[in-house]
Amino acid sequence: MALAEPGEADVLWLADAAAAGDDDHARWELRYARMAIAAFVAARDALDDRTASEVDEMLREAFAVDERVAPDMRQLAWRQLAERMQTYRDAFHARGAAGGVERMARVLLSFSSGGARSAGPPLSRAASVLDRYVSEANAALVAAYGAAILPDNVPPSAMPGRR
């Protein structure tokens with residue numbers, strides 16, 4: 001899921017809504033968002049702390065050999081991913097009236113438009129796309145590691161092996 005290509009309809013929509021018609025830029029912004037969300041969902045939803053590390057390592061290894069990145073552009077692409085990961089992380093974990101997905105949607109629109117756009121009519125569509133990515137990341141986590149099943153009366157922090 002984390003490395004899946006974004007849907008063509010989403011790419012075309014984002015290119016039109018925020019990336020000045022640049023399909024390639026829109027596609028990369030959606031890829032970066034998907035990778036970031038996969039890492040954050042693994043950290044948030046896994047019962048085992050090692051899961052997030054495993055997902056992060058898988059993303060790093062896959063990105064290092066990603067054929068969609070020209071060899072001479074790898075360092076730039078890596079820096080872009082790192083910048084986006086930090087900004088998306090802040091948005092994902094933000095508390096307040098605007099939830100994490102809406103804040104991430106603003107980040108997606110801002111990166112896609114070079115900082116010029118983060119609100120307006122595209123915001124709800126961007127939030128919908130990213131909310132779908134969160135759901136897909138959670139489903140992939142469950143498929144790979146199993147469902148987190150807790151007794152009704154035990155908080156996650158009280159499970160054996162948790163700190």
# chains A, B, ... in the order shown; residues from 1 in each chain; ligands from 1
>>> residues_around(residues="A:Leu3", least_positions_apart="6", cutoff="12 Å", atoms="only C-alpha atoms", output="mmCIF file with N, CA, C and O atoms, in the first residue's frame")
data_model
loop_
_atom_site.group_PDB
_atom_site.id
_atom_site.type_symbol
_atom_site.label_atom_id
_atom_site.label_comp_id
_atom_site.auth_asym_id
_atom_site.auth_seq_id
_atom_site.Cartn_x
_atom_site.Cartn_y
_atom_site.Cartn_z
ATOM 1 N N ARG A 27 1.568 13.544 -8.902
ATOM 2 C CA ARG A 27 1.785 12.112 -8.626
ATOM 3 C C ARG A 27 2.815 11.931 -7.512
ATOM 4 O O ARG A 27 2.630 11.138 -6.596
ATOM 5 N N TRP A 28 3.924 12.690 -7.580
ATOM 6 C CA TRP A 28 4.938 12.568 -6.536
ATOM 7 C C TRP A 28 4.420 13.048 -5.189
ATOM 8 O O TRP A 28 4.711 12.435 -4.156
ATOM 9 N N LEU A 30 1.399 12.875 -4.092
ATOM 10 C CA LEU A 30 0.520 11.818 -3.578
ATOM 11 C C LEU A 30 1.338 10.609 -3.121
ATOM 12 O O LEU A 30 1.009 9.986 -2.107
ATOM 13 N N ARG A 31 2.393 10.281 -3.830
ATOM 14 C CA ARG A 31 3.270 9.182 -3.393
ATOM 15 C C ARG A 31 3.884 9.498 -2.031
ATOM 16 O O ARG A 31 3.910 8.659 -1.129
ATOM 17 N N TYR A 32 4.437 10.715 -1.902
ATOM 18 C CA TYR A 32 5.042 11.108 -0.630
ATOM 19 C C TYR A 32 4.009 11.049 0.502
ATOM 20 O O TYR A 32 4.305 10.566 1.593
ATOM 21 N N ALA A 33 2.820 11.551 0.251
ATOM 22 C CA ALA A 33 1.773 11.537 1.275
ATOM 23 C C ALA A 33 1.437 10.107 1.678
ATOM 24 O O ALA A 33 1.298 9.792 2.862
ATOM 25 N N ARG A 34 1.320 9.224 0.707
ATOM 26 C CA ARG A 34 0.981 7.822 0.991
ATOM 27 C C ARG A 34 2.075 7.163 1.843
ATOM 28 O O ARG A 34 1.778 6.440 2.788
ATOM 29 N N MET A 35 3.344 7.402 1.506
ATOM 30 C CA MET A 35 4.432 6.815 2.286
ATOM 31 C C MET A 35 4.432 7.360 3.712
ATOM 32 O O MET A 35 4.615 6.601 4.675
ATOM 33 N N ALA A 36 4.245 8.650 3.848
ATOM 34 C CA ALA A 36 4.214 9.256 5.178
ATOM 35 C C ALA A 36 3.072 8.672 6.005
ATOM 36 O O ALA A 36 3.270 8.283 7.165
ATOM 37 N N ILE A 37 1.907 8.587 5.423
ATOM 38 C CA ILE A 37 0.745 8.064 6.146
ATOM 39 C C ILE A 37 0.977 6.623 6.567
ATOM 40 O O ILE A 37 0.642 6.238 7.697
ATOM 41 N N ALA A 38 1.565 5.801 5.715
ATOM 42 C CA ALA A 38 1.839 4.411 6.075
ATOM 43 C C ALA A 38 2.738 4.343 7.312
ATOM 44 O O ALA A 38 2.498 3.538 8.219
ATOM 45 N N ALA A 39 3.753 5.183 7.354
ATOM 46 C CA ALA A 39 4.660 5.195 8.504
ATOM 47 C C ALA A 39 3.940 5.644 9.768
ATOM 48 O O ALA A 39 4.099 5.041 10.837
ATOM 49 N N VAL A 55 8.282 -0.965 9.250
ATOM 50 C CA VAL A 55 7.664 -0.241 8.142
ATOM 51 C C VAL A 55 8.595 0.857 7.657
ATOM 52 O O VAL A 55 8.799 1.025 6.450
ATOM 53 N N MET A 58 11.380 -0.743 5.651
ATOM 54 C CA MET A 58 10.883 -1.196 4.350
ATOM 55 C C MET A 58 10.736 -0.010 3.391
ATOM 56 O O MET A 58 11.123 -0.095 2.230
ATOM 57 N N LEU A 59 10.217 1.097 3.893
ATOM 58 C CA LEU A 59 10.070 2.286 3.052
ATOM 59 C C LEU A 59 11.430 2.810 2.602
ATOM 60 O O LEU A 59 11.617 3.143 1.430
ATOM 61 N N ARG A 60 12.388 2.873 3.514
ATOM 62 C CA ARG A 60 13.733 3.356 3.162
ATOM 63 C C ARG A 60 14.378 2.466 2.107
ATOM 64 O O ARG A 60 14.928 2.956 1.117
ATOM 65 N N GLU A 61 14.305 1.156 2.317
ATOM 66 C CA GLU A 61 14.913 0.216 1.373
ATOM 67 C C GLU A 61 14.251 0.301 0.002
ATOM 68 O O GLU A 61 14.926 0.310 -1.024
ATOM 69 N N ALA A 62 12.928 0.361 -0.014
ATOM 70 C CA ALA A 62 12.210 0.417 -1.291
ATOM 71 C C ALA A 62 12.473 1.738 -2.010
ATOM 72 O O ALA A 62 12.668 1.759 -3.228
ATOM 73 N N PHE A 63 12.517 2.822 -1.268
ATOM 74 C CA PHE A 63 12.741 4.127 -1.885
ATOM 75 C C PHE A 63 14.149 4.222 -2.453
ATOM 76 O O PHE A 63 14.373 4.852 -3.488
ATOM 77 N N VAL A 65 15.803 2.078 -3.997
ATOM 78 C CA VAL A 65 15.926 1.396 -5.291
ATOM 79 C C VAL A 65 14.713 1.642 -6.184
ATOM 80 O O VAL A 65 14.531 0.961 -7.191
ATOM 81 N N ASP A 66 13.919 2.614 -5.841
ATOM 82 C CA ASP A 66 12.698 2.912 -6.595
ATOM 83 C C ASP A 66 13.049 3.308 -8.029
ATOM 84 O O ASP A 66 13.754 4.294 -8.258
ATOM 85 N N GLU A 67 12.574 2.540 -8.975
ATOM 86 C CA GLU A 67 12.876 2.808 -10.385
ATOM 87 C C GLU A 67 12.181 4.061 -10.909
ATOM 88 O O GLU A 67 12.517 4.546 -11.994
ATOM 89 N N ARG A 68 11.243 4.583 -10.152
ATOM 90 C CA ARG A 68 10.563 5.814 -10.567
ATOM 91 C C ARG A 68 11.430 7.043 -10.310
ATOM 92 O O ARG A 68 11.116 8.132 -10.771
ATOM 93 N N TYR A 133 -6.247 7.007 2.209
ATOM 94 C CA TYR A 133 -4.895 6.475 2.400
ATOM 95 C C TYR A 133 -4.714 5.970 3.839
ATOM 96 O O TYR A 133 -4.071 4.948 4.061
ATOM 97 N N GLU A 136 -6.520 2.655 4.039
ATOM 98 C CA GLU A 136 -5.757 1.635 3.316
ATOM 99 C C GLU A 136 -4.507 1.227 4.092
ATOM 100 O O GLU A 136 -4.152 0.038 4.126
ATOM 101 N N ALA A 137 -3.847 2.181 4.716
ATOM 102 C CA ALA A 137 -2.649 1.873 5.505
ATOM 103 C C ALA A 137 -3.014 1.006 6.698
ATOM 104 O O ALA A 137 -2.309 0.040 7.015
ATOM 105 N N ALA A 140 -3.716 -2.503 5.457
ATOM 106 C CA ALA A 140 -2.461 -3.185 5.116
ATOM 107 C C ALA A 140 -1.720 -3.614 6.377
ATOM 108 O O ALA A 140 -1.145 -4.710 6.427
#
>>> select_by_dssp(residues="stretch 23-111 of chain A", states="alpha helix (DSSP H)", output="JSON, numbers by chain")
{"A": [23, 24, 25, 26, 27, 28, 29, 30, 31, 32, 33, 34, 35, 36, 37, 38, 39, 40, 41, 42, 43, 44, 45, 49, 50, 51, 52, 53, 54, 55, 56, 57, 58, 59, 60, 61, 62, 63, 64, 74, 75, 76, 77, 78, 79, 80, 81, 82, 83, 84, 85, 86, 87, 88, 89, 90, 91, 92, 100, 101, 102, 103, 104, 105, 106, 107, 108, 109, 110, 111]}
>>> residues_around(residues="A:Asp16", least_positions_apart="2", cutoff="12 Å", atoms="only C-alpha atoms", output="VMD selection string")
chain A and resid 9 to 14 18 to 27 109 112 to 113 122
>>> closest_residue(among="A:Glu29, A:Gly7, A:Arg89, A:Val41", to="A:Ala139", atoms="only C-alpha atoms")
A:Val41
>>> atom_distance(atom1="atom CA of A:Asp45", atom2="atom CA of A:Arg84")
20.8 Å
>>> residues_around(residues="A:Arg103", least_positions_apart="6", cutoff="9 Å", atoms="only C-alpha atoms", output="MDAnalysis selection string")
chainID A and resid 88 90:92 94 127
>>> closest_residue(among="A:Ala52, A:Asn138, A:Pro6, A:Phe111", to="A:Leu81", atoms="only C-alpha atoms")
A:Phe111
>>> closest_residue(among="A:Arg50, A:Ala77, A:Ala82, A:Asp131", to="A:Met104", atoms="only C-alpha atoms")
A:Asp131
>>> closest_residue(among="A:Asn153, A:Ala17, A:Val101, A:Trp78", to="A:Val134", atoms="only C-alpha atoms")
A:Val101
>>> closest_residue(among="A:Ala126, A:Met85, A:Ala43, A:Val154", to="A:Ala105", atoms="only C-alpha atoms")
A:Ala126
>>> atom_distance(atom1="atom CA of A:Gly146", atom2="atom CA of A:Glu102")
28.0 Å
